[in-house]
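Q: Take a look at this one; I'll ask things after.
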Amino acid sequence: MQDLEFRELVERVKLRSPIATVVGERVKGLKKRGALLWACCPFHTERTPSFAVDPRRGTWRCYGACGEGGDALSFLQRFDGLSFLDALRLLAESAGEKVPDLSSRPSQGPAERHLDRLRGAVDTALRRYRALFAGPSGARARAYIRNRGFTPATEEAFGLGWAPESGNPILEAAGAAGIPLDLLVEAGLAKRAEDGRPYDFFHGRLLVPIRDRLGRAVAFGGRLLPGDERSVGKYVNTPETPLFHKGRIVFGLDRAAAAVRQRRDLILMEGYTDVMAAHQTGFPHAAALLGTSTTEEHASLVRRSGAHRIFLVFDGDEAGRAATERALAGLLSLGLELRAASPPEGKDPADILLGEGPAAFAALLEGARDWFPWLVEGLRGAGGAELAAGVDRLFLLFDLLPKPVEREVRLRELADSLEISRAGIAEQWRAHRAGRVRRETPAPSRPPAPAGGKQAEDAFRALVGALLLDNSLIPLYAELVERCPPGDLRVVFEALLHLHAHGDESEPVDAAAVIAQLADHPARDLVVALELLAATAESPQALARDQELWLERQTHARELADLRARLGAGEGGAAESPAAVLKSLHERLRERFVPASGSPRNP
């Protein structure tokens with residue numbers, strides 16, 4: 001795309017995606033105060049709201065510890081951990097805006113282009129696996145899926161595929177598409193034997209595409225069909241790749257996102273078929289953790305989903321109970337309502353959904369209990385060392401609770417529920433904490449961070465902020481752009497000047513306008529901060545004048561230092577005598593200047 005077309009696309013997407021809606025879907029508790037919407041900042045812990053959304057200008061800003069700000073796209077980048085282009089795609093899809101191919105944009109770096117090539121390889125494999133599932137060799141896989149109770153619509157929605165027992169169809173498809181073998185191996189779709197011979201990674205398995213939160217296929221989960229006597233695992237995933245990290249994927253969250261935001265509930269399960277069954281039978285707010293412990297990345301994805309309440313519904317056996325505890329370990333710090341439900345022994349959620357029906361599963365959810373009494377119930381009947389070990393496992397979860405008062409209350413409830421003296425529980429808790437302190441090695445102290453950026457950059461930050469606030473100053477200080485240090489700050493300065501020279505005279509050149517002009521350039525993240533920093537000054541006029549004065553005096557100081565150095569070195573020669581250097585030095589000394597150690601006046 002041409003830059004002008006791209007900027008117009010960005011602007012259209014933003015116009016169709018009000019920032020109050022984008023932020024409100026992800027940040028709970030936005031409250032109107034004056035012209036702004038306020039909430040506690042989602043990017044750090046705080047008690048007093050310092051996060052503000054300005055619907056009129058389409059910007060957001062944290063006035064607290066973060067000090068960051070931007071528009072709807074930069075918010076999505078930060079909140080959802082996306083690149084600019086991914087944030088644009090996500091917002092465009094929600095707004096019903098068609099997004100053309102952006103992979104050829106010059107602003108896309110080598111790393112992102114490489115990831116796009118890997119995604120292309122996975123897409124090629126997905127199409128081939130889908131064709132095989134629908135063809136003669138996939139008959140057994142189709143029969144298995146339909147005997148489980150899944151419909152053709154669900155097969156299509158989740159993109160089920162089939163890897164036949166023999167042959168290397170992915171190598172063949174990749175060769176026809178011109179995909180290098182090294183890329184195929186890196187994407188986890190092929191391997192090399194010891195003799196160097198390549199072969200497909202999956203054979204004889206029903207395949208479920210694993211997608212990232214934008215719905216892009218990044219890997220596959222493979223299941224052996226019943227009756228397969230091979231000794232290899234029943235379930236095998238694509239190995240970890242640059243696209244796929246099991247600890248960073250919540251399976252089905254891309255399909256569940258809209259329903260989760262609407263209902264504010266998220267059902268977390270263990271397996272692919274559980275999620276497929278839930279979506280098929282009327283529970284579209286279900287996703288799965290792929291049989292791994294909950295990581296910080298998982299917790300971050302759950303927090304970003306907008307869910308206020310999480311239902312943990314794993315298999316009805318000891319392994320399912322252990323998986324629930326592992327999930328709780330990663331979710332307790334979020335401060336959300338967490339409820340757990342256990343299917344009957346030997347059953348998984350898919351058995352209930354496809355066998356007994358959605359009403360039975362709804363009843364299971366209705367009976368879900370708060371995480372703490374659910375865990376305590378599992379300790380009833382245990383005695384001696386078994387009970388003590390169970391209590392210690394609970395204490396590991398207590399360590400994760402964000403509020404000390406809740407820990408104290410839970411300790412009392414634990415003692416009362418298990419009919420153990422509160423003193424006994426308190427003593428074991430103290431022993432647990434003391435043992436943890438001994439086990440934990442303090443992090444090495446770090447030297448204090450160096451001071452902020454260069455003084456000249458500080459001066460230009462204040463200057464550009466002043467020009468954003470008062471556009472009448474732009475012609476007076478435009479020539480200073482040549483002296484602005486190279487980098488993102490200069491890009492912002494140049495964008496501001498371009499808009500002033502070529503934009504609509506009736507529209508102010510403010511932060512929102514400059515952000516739109518910068519499109520996907522990373523300098524866009526600076527703009528709101530510059531404007532708001534300048535807003536704390538006495539006036540934009542005084543702020544700009546002070547920066548110009550400081551910059552001029554710094555120039556004089558550098559020239560003076562240069563003259564002194566030349567004089568000390570005996571420079572001059574025939575073209576310039578020492579007397580001429582002394583004369584220049586004398587003239588500089590007569591000018592008024594601030595010594596080089598002076599600092600620009602910032603707001």
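By convention in this document, the chains of the structure tokens carry letters A, B, ... by their order, each chain's residues are numbered from 1, and ligands are numbered from 1 in the order they are shown.
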Taking the DSSP assignment computed from this structure's backbone, write out as a CSV table (one decimal) with N, CA, C and O atoms, in the first residue's frame all residues of stretch 29-277 of chain A that belong to strand (DSSP E).

A:
```csv
chain,number,residue,atom,x,y,z
A,31,LYS,N,-15.3,5.4,34.6
A,31,LYS,CA,-16.4,6.3,35.0
A,31,LYS,C,-16.1,7.7,34.5
A,31,LYS,O,-15.0,8.2,34.5
A,32,LYS,N,-17.2,8.4,34.1
A,32,LYS,CA,-17.1,9.7,33.5
A,32,LYS,C,-16.9,10.7,34.6
A,32,LYS,O,-17.6,10.7,35.6
A,33,ARG,N,-15.9,11.6,34.4
A,33,ARG,CA,-15.7,12.7,35.3
A,33,ARG,C,-15.3,13.9,34.4
A,33,ARG,O,-14.2,13.9,33.9
A,36,LEU,N,-13.7,13.5,30.6
A,36,LEU,CA,-12.9,12.3,30.5
A,36,LEU,C,-13.5,11.1,31.2
A,36,LEU,O,-14.4,11.2,32.0
A,37,LEU,N,-13.0,9.9,30.8
A,37,LEU,CA,-13.4,8.7,31.5
A,37,LEU,C,-12.2,8.2,32.3
A,37,LEU,O,-11.1,8.1,31.7
A,38,TRP,N,-12.4,7.8,33.5
A,38,TRP,CA,-11.3,7.5,34.4
A,38,TRP,C,-11.5,6.1,34.9
A,38,TRP,O,-12.6,5.6,35.1
A,39,ALA,N,-10.3,5.4,35.2
A,39,ALA,CA,-10.3,4.1,35.8
A,39,ALA,C,-8.9,3.9,36.4
A,39,ALA,O,-8.0,4.7,36.1
A,51,PHE,N,-5.8,6.7,35.2
A,51,PHE,CA,-5.9,6.3,33.7
A,51,PHE,C,-7.1,7.1,33.1
A,51,PHE,O,-8.2,6.9,33.6
A,52,ALA,N,-6.8,7.9,32.1
A,52,ALA,CA,-7.9,8.7,31.6
A,52,ALA,C,-8.1,8.5,30.1
A,52,ALA,O,-7.1,8.3,29.3
A,53,VAL,N,-9.3,8.5,29.6
A,53,VAL,CA,-9.6,8.3,28.2
A,53,VAL,C,-10.4,9.6,27.8
A,53,VAL,O,-11.3,10.0,28.4
A,54,ASP,N,-9.9,10.2,26.7
A,54,ASP,CA,-10.5,11.4,26.1
A,54,ASP,C,-11.3,11.0,24.9
A,54,ASP,O,-10.7,10.9,23.8
A,59,THR,N,-7.9,9.7,22.5
A,59,THR,CA,-6.6,9.4,23.1
A,59,THR,C,-6.8,8.9,24.6
A,59,THR,O,-7.8,9.1,25.2
A,60,TRP,N,-5.8,8.2,25.1
A,60,TRP,CA,-5.7,7.8,26.5
A,60,TRP,C,-4.4,8.2,27.1
A,60,TRP,O,-3.4,8.4,26.4
A,61,ARG,N,-4.4,8.2,28.4
A,61,ARG,CA,-3.2,8.7,29.1
A,61,ARG,C,-3.2,8.2,30.5
A,61,ARG,O,-4.2,8.2,31.2
A,62,CYS,N,-2.0,7.6,31.0
A,62,CYS,CA,-1.9,7.3,32.4
A,62,CYS,C,-1.1,8.4,33.1
A,62,CYS,O,0.0,8.7,32.7
A,69,GLY,N,0.7,7.0,27.0
A,69,GLY,CA,-0.5,7.4,26.3
A,69,GLY,C,-0.5,7.1,24.9
A,69,GLY,O,0.5,6.7,24.3
A,70,GLY,N,-1.6,7.4,24.2
A,70,GLY,CA,-1.7,7.2,22.8
A,70,GLY,C,-3.1,7.1,22.3
A,70,GLY,O,-4.0,7.7,22.9
A,161,GLY,N,-8.4,-31.3,10.5
A,161,GLY,CA,-7.6,-31.9,9.4
A,161,GLY,C,-7.2,-33.3,9.6
A,161,GLY,O,-7.5,-33.9,10.7
A,162,TRP,N,-6.5,-33.9,8.7
A,162,TRP,CA,-6.1,-35.3,8.8
A,162,TRP,C,-4.7,-35.5,8.2
A,162,TRP,O,-4.4,-35.0,7.1
A,163,ALA,N,-3.8,-36.1,9.0
A,163,ALA,CA,-2.5,-36.5,8.5
A,163,ALA,C,-2.5,-38.0,8.2
A,163,ALA,O,-2.6,-38.7,9.2
A,190,ALA,N,7.8,-30.3,9.6
A,190,ALA,CA,8.6,-31.3,9.1
A,190,ALA,C,9.8,-31.5,10.0
A,190,ALA,O,10.1,-30.7,10.8
A,191,LYS,N,10.4,-32.7,9.8
A,191,LYS,CA,11.7,-33.0,10.5
A,191,LYS,C,12.7,-33.6,9.6
A,191,LYS,O,12.3,-34.0,8.5
A,192,ARG,N,13.9,-33.7,10.1
A,192,ARG,CA,14.9,-34.4,9.3
A,192,ARG,C,15.4,-35.7,10.1
A,192,ARG,O,15.6,-35.6,11.3
A,198,PRO,N,14.2,-35.6,4.9
A,198,PRO,CA,13.1,-34.9,5.5
A,198,PRO,C,11.8,-35.8,5.5
A,198,PRO,O,11.6,-36.6,4.6
A,199,TYR,N,10.9,-35.5,6.5
A,199,TYR,CA,9.6,-36.2,6.5
A,199,TYR,C,8.6,-35.3,7.3
A,199,TYR,O,9.0,-34.5,8.1
A,200,ASP,N,7.3,-35.5,7.0
A,200,ASP,CA,6.3,-34.8,7.7
A,200,ASP,C,6.3,-35.1,9.2
A,200,ASP,O,6.6,-36.2,9.6
A,205,ARG,N,-2.9,-39.0,12.3
A,205,ARG,CA,-3.5,-38.2,13.4
A,205,ARG,C,-4.6,-37.3,12.9
A,205,ARG,O,-4.5,-36.7,11.8
A,206,LEU,N,-5.7,-37.2,13.7
A,206,LEU,CA,-6.7,-36.1,13.5
A,206,LEU,C,-6.0,-34.8,14.0
A,206,LEU,O,-5.4,-34.8,15.1
A,207,LEU,N,-6.1,-33.8,13.2
A,207,LEU,CA,-5.4,-32.5,13.5
A,207,LEU,C,-6.4,-31.4,13.8
A,207,LEU,O,-7.4,-31.2,13.1
A,208,VAL,N,-6.1,-30.7,14.9
A,208,VAL,CA,-6.9,-29.5,15.3
A,208,VAL,C,-6.0,-28.3,15.2
A,208,VAL,O,-4.9,-28.2,15.9
A,209,PRO,N,-6.2,-27.3,14.3
A,209,PRO,CA,-5.4,-26.1,14.2
A,209,PRO,C,-5.4,-25.4,15.6
A,209,PRO,O,-6.5,-25.2,16.2
A,210,ILE,N,-4.3,-24.9,16.0
A,210,ILE,CA,-4.1,-24.1,17.2
A,210,ILE,C,-3.9,-22.7,16.7
A,210,ILE,O,-3.0,-22.4,15.9
A,211,ARG,N,-4.8,-21.8,17.1
A,211,ARG,CA,-4.7,-20.4,16.6
A,211,ARG,C,-4.3,-19.4,17.7
A,211,ARG,O,-4.6,-19.6,18.9
A,217,ALA,N,-3.7,-19.5,12.3
A,217,ALA,CA,-3.1,-20.8,12.7
A,217,ALA,C,-1.6,-20.7,12.9
A,217,ALA,O,-0.9,-20.2,12.1
A,218,VAL,N,-1.2,-21.2,14.1
A,218,VAL,CA,0.3,-21.2,14.4
A,218,VAL,C,0.8,-22.6,14.7
A,218,VAL,O,2.0,-22.8,14.7
A,219,ALA,N,-0.1,-23.6,14.9
A,219,ALA,CA,0.4,-24.9,15.2
A,219,ALA,C,-0.8,-25.9,15.0
A,219,ALA,O,-1.9,-25.5,14.7
A,220,PHE,N,-0.5,-27.2,15.4
A,220,PHE,CA,-1.6,-28.2,15.3
A,220,PHE,C,-1.5,-29.1,16.5
A,220,PHE,O,-0.4,-29.4,17.0
A,221,GLY,N,-2.6,-29.6,16.9
A,221,GLY,CA,-2.7,-30.6,17.9
A,221,GLY,C,-3.1,-31.9,17.3
A,221,GLY,O,-4.2,-31.9,16.6
A,222,GLY,N,-2.4,-33.0,17.4
A,222,GLY,CA,-2.7,-34.2,16.7
A,222,GLY,C,-3.1,-35.3,17.7
A,222,GLY,O,-2.5,-35.5,18.8
A,223,ARG,N,-4.2,-36.0,17.4
A,223,ARG,CA,-4.7,-37.1,18.2
A,223,ARG,C,-4.8,-38.4,17.4
A,223,ARG,O,-5.2,-38.5,16.3
A,235,TYR,N,-1.8,-37.8,22.3
A,235,TYR,CA,-1.9,-36.5,21.9
A,235,TYR,C,-0.5,-35.9,21.6
A,235,TYR,O,0.4,-36.1,22.5
A,236,VAL,N,-0.2,-35.3,20.5
A,236,VAL,CA,1.1,-34.7,20.2
A,236,VAL,C,0.8,-33.3,19.6
A,236,VAL,O,0.0,-33.2,18.7
A,237,ASN,N,1.4,-32.3,20.1
A,237,ASN,CA,1.3,-30.9,19.5
A,237,ASN,C,2.6,-30.6,18.7
A,237,ASN,O,3.6,-31.3,18.8
A,265,ASP,N,-17.9,-13.6,31.4
A,265,ASP,CA,-17.5,-15.0,32.0
A,265,ASP,C,-16.6,-15.7,31.0
A,265,ASP,O,-16.8,-15.5,29.8
A,266,LEU,N,-15.7,-16.5,31.5
A,266,LEU,CA,-14.8,-17.3,30.7
A,266,LEU,C,-14.8,-18.7,31.3
A,266,LEU,O,-14.6,-18.9,32.5
A,267,ILE,N,-15.1,-19.7,30.5
A,267,ILE,CA,-15.0,-21.1,30.9
A,267,ILE,C,-13.6,-21.7,30.4
A,267,ILE,O,-13.3,-21.6,29.2
A,268,LEU,N,-12.8,-22.1,31.3
A,268,LEU,CA,-11.5,-22.7,31.0
A,268,LEU,C,-11.6,-24.2,31.1
A,268,LEU,O,-12.0,-24.7,32.2
A,269,MET,N,-11.1,-24.9,30.1
A,269,MET,CA,-11.1,-26.4,30.1
A,269,MET,C,-9.7,-26.9,29.8
A,269,MET,O,-8.8,-26.1,29.7
```

Q: Please indicate the distance in Å from atom CA of A:Leu30 to atom CA of A:Leu91, rounded to one decimal place.

A: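 So the two atoms, atom CA of A:Leu30 and atom CA of A:Leu91, lie 20.0 Å apart.
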
Q: For stretch 470-483 of chain A, work out the shell of residues within 10 Å, counting only C-alpha atoms and skipping chain neighbours fewer than 4 positions away, then give it as a list of chain:residue names.

A: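 Everything that qualifies: A:Ala456, A:Phe460, A:Leu463, A:Val464, A:Gly465, A:Ala466, A:Leu489, A:Arg490, A:Val491, A:Phe493, A:Glu494, A:Leu496, A:Leu497, A:His500, A:Ala501, A:Pro508, A:Val509, A:Asp510, A:Ser539, A:Pro540, A:Gln541, A:Ala544, A:Arg545, A:Glu548, A:Leu551.
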
Q: Taking only C-alpha atoms into account, name the residue in A:Val27, A:Ala286, A:Val13, A:Ala176 that is nearest to A:Gly96.

A: A:Val13

Q: Can you measure atom CA of A:Leu468 to atom CA of A:Ser74 for me? One decimal in Å is fine.

A: 19.0 Å

Q: Neighbours of A:Lys347 within 9 Å (only C-alpha atoms; same-chain residues fewer than 4 positions away dropped), as number ranges by chain?

A: A: 315-317, 343, 351-352

Q: Taking only C-alpha atoms into account, name the residue in A:Ala511, A:Ala537, A:Leu214, A:Val313 that is nearest to A:Arg56.

A: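 Once distances to A:Arg56 are computed over only C-alpha atoms, the minimum belongs to A:Ala511.
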
Q: Rank A:Ser300, A:Thr324, A:Ser342, A:Gln517 by their smallest atom-to-atom distance to A:Asp80, using only C-alpha atoms, and report the top residue only.

A: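 Closest to A:Asp80 of all the choices is A:Ser300.
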
Q: Using the chain letters and numbers from this document, which residues of stretch 342-450 of chain A does DSSP assign to alpha helix (DSSP H), as a VMD selection string?

A: chain A and resid 349 to 351 358 to 366 371 to 377 384 to 398 404 to 418 422 to 439

Q: Output as JSON lines one row per residue of stretch 156-179 of chain A within 12 Å of stretch 239-253 of chain A: the closest atom pair and its distance in Å to one decimal place, counting only C-alpha atoms, sorted by chain and residue number ascending.

A:
```
{"residue": "A:Ala157", "atom": "CA", "partner": "A:Gly252", "partner_atom": "CA", "distance": 10.9}
{"residue": "A:Phe158", "atom": "CA", "partner": "A:Gly252", "partner_atom": "CA", "distance": 8.8}
{"residue": "A:Gly159", "atom": "CA", "partner": "A:Gly252", "partner_atom": "CA", "distance": 11.9}
```

Q: Put those residues in a file: N, CA, C and O atoms, as an mmCIF file, in the first residue's frame.

A:
```cif
data_model
loop_
_atom_site.group_PDB
_atom_site.id
_atom_site.type_symbol
_atom_site.label_atom_id
_atom_site.label_comp_id
_atom_site.auth_asym_id
_atom_site.auth_seq_id
_atom_site.Cartn_x
_atom_site.Cartn_y
_atom_site.Cartn_z
ATOM 1 N N ALA A 157 -15.803 -24.988 11.314
ATOM 2 C CA ALA A 157 -15.477 -23.813 12.129
ATOM 3 C C ALA A 157 -14.094 -23.932 12.761
ATOM 4 O O ALA A 157 -13.344 -22.947 12.834
ATOM 5 N N PHE A 158 -13.738 -25.141 13.206
ATOM 6 C CA PHE A 158 -12.441 -25.325 13.868
ATOM 7 C C PHE A 158 -11.360 -25.803 12.898
ATOM 8 O O PHE A 158 -10.202 -25.939 13.285
ATOM 9 N N GLY A 159 -11.727 -26.063 11.635
ATOM 10 C CA GLY A 159 -10.733 -26.391 10.601
ATOM 11 C C GLY A 159 -10.050 -27.718 10.789
ATOM 12 O O GLY A 159 -8.829 -27.829 10.564
#
```

Q: Contacts of A:Ala125 at 8 Å or less, counting only C-alpha atoms, minus same-chain residues fewer than 2 places along, as a list in words?

A: Ala121, Val122, Asp123, Arg127, Arg128, Tyr129, Ile170, Ala173, Ala174 and Leu189 of chain A

Q: Of the residues A:Arg410, A:Arg321, A:Lys28, A:Arg558, which is the one nearest to A:Pro344, using only C-alpha atoms?

A: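 When distances to A:Pro344 are compared using only C-alpha atoms, the smallest one comes from A:Arg321.
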
Q: Quick one: residues within 8 Å of stretch 423-425 of chain A, only C-alpha atoms, excluding same-chain residues fewer than 6 positions away - as a CSV table (one decimal) with N, CA and C atoms, in the first residue's frame?

A:
```
chain,number,residue,atom,x,y,z
A,411,LEU,N,-7.1,-18.2,56.1
A,411,LEU,CA,-6.5,-19.1,57.1
A,411,LEU,C,-7.5,-19.5,58.2
A,414,LEU,N,-10.0,-21.9,56.7
A,414,LEU,CA,-9.4,-23.2,56.5
A,414,LEU,C,-9.4,-24.0,57.8
A,415,ALA,N,-9.0,-23.4,58.9
A,415,ALA,CA,-9.0,-24.0,60.2
A,415,ALA,C,-10.4,-24.5,60.6
```

Q: Report as JSON lines the residues of stretch 321-413 of chain A within 8 Å of stretch 279-282 of chain A, each with its shortest atom pair and distance in Å (one decimal), using only C-alpha atoms, ordered by chain and increasing residue number.

A:
```
{"residue": "A:Leu353", "atom": "CA", "partner": "A:Thr281", "partner_atom": "CA", "distance": 6.9}
{"residue": "A:Leu354", "atom": "CA", "partner": "A:Thr281", "partner_atom": "CA", "distance": 7.8}
{"residue": "A:Gly357", "atom": "CA", "partner": "A:Thr281", "partner_atom": "CA", "distance": 7.7}
{"residue": "A:Pro358", "atom": "CA", "partner": "A:Thr281", "partner_atom": "CA", "distance": 6.0}
```

Q: Okay, now the selection with C-alpha atoms, as a PDB file, in the first residue's frame?

A:
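Wrote it out as selection.pdb, contents follow:
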```pdb
ATOM      1  CA  LEU A 353     -22.044 -31.641  26.575  1.00  0.00           C
ATOM      2  CA  LEU A 354     -22.421 -34.186  23.765  1.00  0.00           C
ATOM      3  CA  GLY A 357     -26.687 -32.270  26.722  1.00  0.00           C
ATOM      4  CA  PRO A 358     -26.206 -28.545  27.371  1.00  0.00           C
TER       5      PRO A 358
END
```

Q: Kindly indicate which residue among A:Ala513, A:Leu469, A:Leu331, A:Leu499 lies nearest to A:Leu530, using only C-alpha atoms for the distances.

A: A:Leu469

Q: Restricting the calculation to only C-alpha atoms: of A:Gly204, A:Gly378, A:Gly383, A:Gly135, which residue gets closest to A:Ser166?

A: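 Going through A:Gly204, A:Gly378, A:Gly383, A:Gly135 one by one, the smallest distance to A:Ser166 is for A:Gly204.
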
Q: Take atom CA of A:Ala363 and atom CA of A:Ala287 and report the distance between them in Å, one decimal.

A: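 These atoms are spaced 18.8 Å apart.
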
Q: Please list as a PDB file with all heavy atoms, in the first residue's frame every residue within 10 Å of A:Ala65, counting only C-alpha atoms and excluding residues in the same chain fewer than 3 positions away.

A:
```
ATOM      1  N   CYS A  41      -5.354   2.266  36.280  1.00  0.00           N
ATOM      2  CA  CYS A  41      -4.560   1.926  35.103  1.00  0.00           C
ATOM      3  C   CYS A  41      -4.426   0.410  34.970  1.00  0.00           C
ATOM      4  O   CYS A  41      -4.072  -0.278  35.937  1.00  0.00           O
ATOM      5  CB  CYS A  41      -3.177   2.565  35.191  1.00  0.00           C
ATOM      6  SG  CYS A  41      -2.155   2.232  33.731  1.00  0.00           S
ATOM      7  N   PHE A  43      -2.164  -1.114  33.446  1.00  0.00           N
ATOM      8  CA  PHE A  43      -0.774  -1.489  33.212  1.00  0.00           C
ATOM      9  C   PHE A  43       0.086  -1.477  34.472  1.00  0.00           C
ATOM     10  O   PHE A  43       1.265  -1.774  34.419  1.00  0.00           O
ATOM     11  CB  PHE A  43      -0.161  -0.567  32.156  1.00  0.00           C
ATOM     12  CG  PHE A  43      -0.957  -0.536  30.882  1.00  0.00           C
ATOM     13  CD1 PHE A  43      -1.399   0.654  30.343  1.00  0.00           C
ATOM     14  CD2 PHE A  43      -1.295  -1.712  30.247  1.00  0.00           C
ATOM     15  CE1 PHE A  43      -2.145   0.686  29.178  1.00  0.00           C
ATOM     16  CE2 PHE A  43      -2.042  -1.705  29.080  1.00  0.00           C
ATOM     17  CZ  PHE A  43      -2.466  -0.502  28.544  1.00  0.00           C
ATOM     18  N   HIS A  44      -0.489  -1.111  35.589  1.00  0.00           N
ATOM     19  CA  HIS A  44       0.213  -1.228  36.864  1.00  0.00           C
ATOM     20  C   HIS A  44      -0.808  -1.242  37.995  1.00  0.00           C
ATOM     21  O   HIS A  44      -1.979  -0.920  37.784  1.00  0.00           O
ATOM     22  CB  HIS A  44       1.225  -0.088  37.062  1.00  0.00           C
ATOM     23  CG  HIS A  44       0.607   1.270  37.234  1.00  0.00           C
ATOM     24  ND1 HIS A  44       0.258   2.068  36.166  1.00  0.00           N
ATOM     25  CD2 HIS A  44       0.244   1.957  38.342  1.00  0.00           C
ATOM     26  CE1 HIS A  44      -0.266   3.196  36.606  1.00  0.00           C
ATOM     27  NE2 HIS A  44      -0.298   3.151  37.917  1.00  0.00           N
ATOM     28  N   THR A  45      -0.387  -1.631  39.179  1.00  0.00           N
ATOM     29  CA  THR A  45      -1.284  -1.720  40.328  1.00  0.00           C
ATOM     30  C   THR A  45      -1.416  -0.360  40.998  1.00  0.00           C
ATOM     31  O   THR A  45      -0.421   0.298  41.296  1.00  0.00           O
ATOM     32  CB  THR A  45      -0.749  -2.750  41.341  1.00  0.00           C
ATOM     33  OG1 THR A  45      -0.610  -4.013  40.685  1.00  0.00           O
ATOM     34  CG2 THR A  45      -1.706  -2.901  42.508  1.00  0.00           C
ATOM     35  N   GLU A  46      -2.646   0.058  41.233  1.00  0.00           N
ATOM     36  CA  GLU A  46      -2.886   1.325  41.912  1.00  0.00           C
ATOM     37  C   GLU A  46      -4.270   1.306  42.551  1.00  0.00           C
ATOM     38  O   GLU A  46      -5.138   0.519  42.175  1.00  0.00           O
ATOM     39  CB  GLU A  46      -2.777   2.500  40.942  1.00  0.00           C
ATOM     40  CG  GLU A  46      -3.821   2.505  39.828  1.00  0.00           C
ATOM     41  CD  GLU A  46      -3.664   3.693  38.894  1.00  0.00           C
ATOM     42  OE1 GLU A  46      -2.671   4.421  39.029  1.00  0.00           O
ATOM     43  OE2 GLU A  46      -4.540   3.890  38.035  1.00  0.00           O
ATOM     44  N   SER A  50      -5.836   6.732  37.794  1.00  0.00           N
ATOM     45  CA  SER A  50      -4.972   7.727  37.141  1.00  0.00           C
ATOM     46  C   SER A  50      -4.985   7.555  35.631  1.00  0.00           C
ATOM     47  O   SER A  50      -4.237   8.216  34.930  1.00  0.00           O
ATOM     48  CB  SER A  50      -3.535   7.593  37.658  1.00  0.00           C
ATOM     49  OG  SER A  50      -2.978   6.350  37.263  1.00  0.00           O
ATOM     50  N   CYS A  62      -2.044   7.630  30.988  1.00  0.00           N
ATOM     51  CA  CYS A  62      -1.875   7.282  32.396  1.00  0.00           C
ATOM     52  C   CYS A  62      -1.108   8.400  33.072  1.00  0.00           C
ATOM     53  O   CYS A  62       0.006   8.736  32.676  1.00  0.00           O
ATOM     54  CB  CYS A  62      -1.112   5.963  32.556  1.00  0.00           C
ATOM     55  SG  CYS A  62      -0.728   5.593  34.291  1.00  0.00           S
ATOM     56  N   GLU A  68       2.316   6.756  30.229  1.00  0.00           N
ATOM     57  CA  GLU A  68       2.210   6.501  28.800  1.00  0.00           C
ATOM     58  C   GLU A  68       0.858   6.953  28.275  1.00  0.00           C
ATOM     59  O   GLU A  68      -0.060   7.247  29.037  1.00  0.00           O
ATOM     60  CB  GLU A  68       2.423   5.015  28.512  1.00  0.00           C
ATOM     61  CG  GLU A  68       3.817   4.528  28.868  1.00  0.00           C
ATOM     62  CD  GLU A  68       4.076   3.124  28.375  1.00  0.00           C
ATOM     63  OE1 GLU A  68       3.391   2.698  27.427  1.00  0.00           O
ATOM     64  OE2 GLU A  68       4.949   2.457  28.941  1.00  0.00           O
TER      65      GLU A  68
END
```
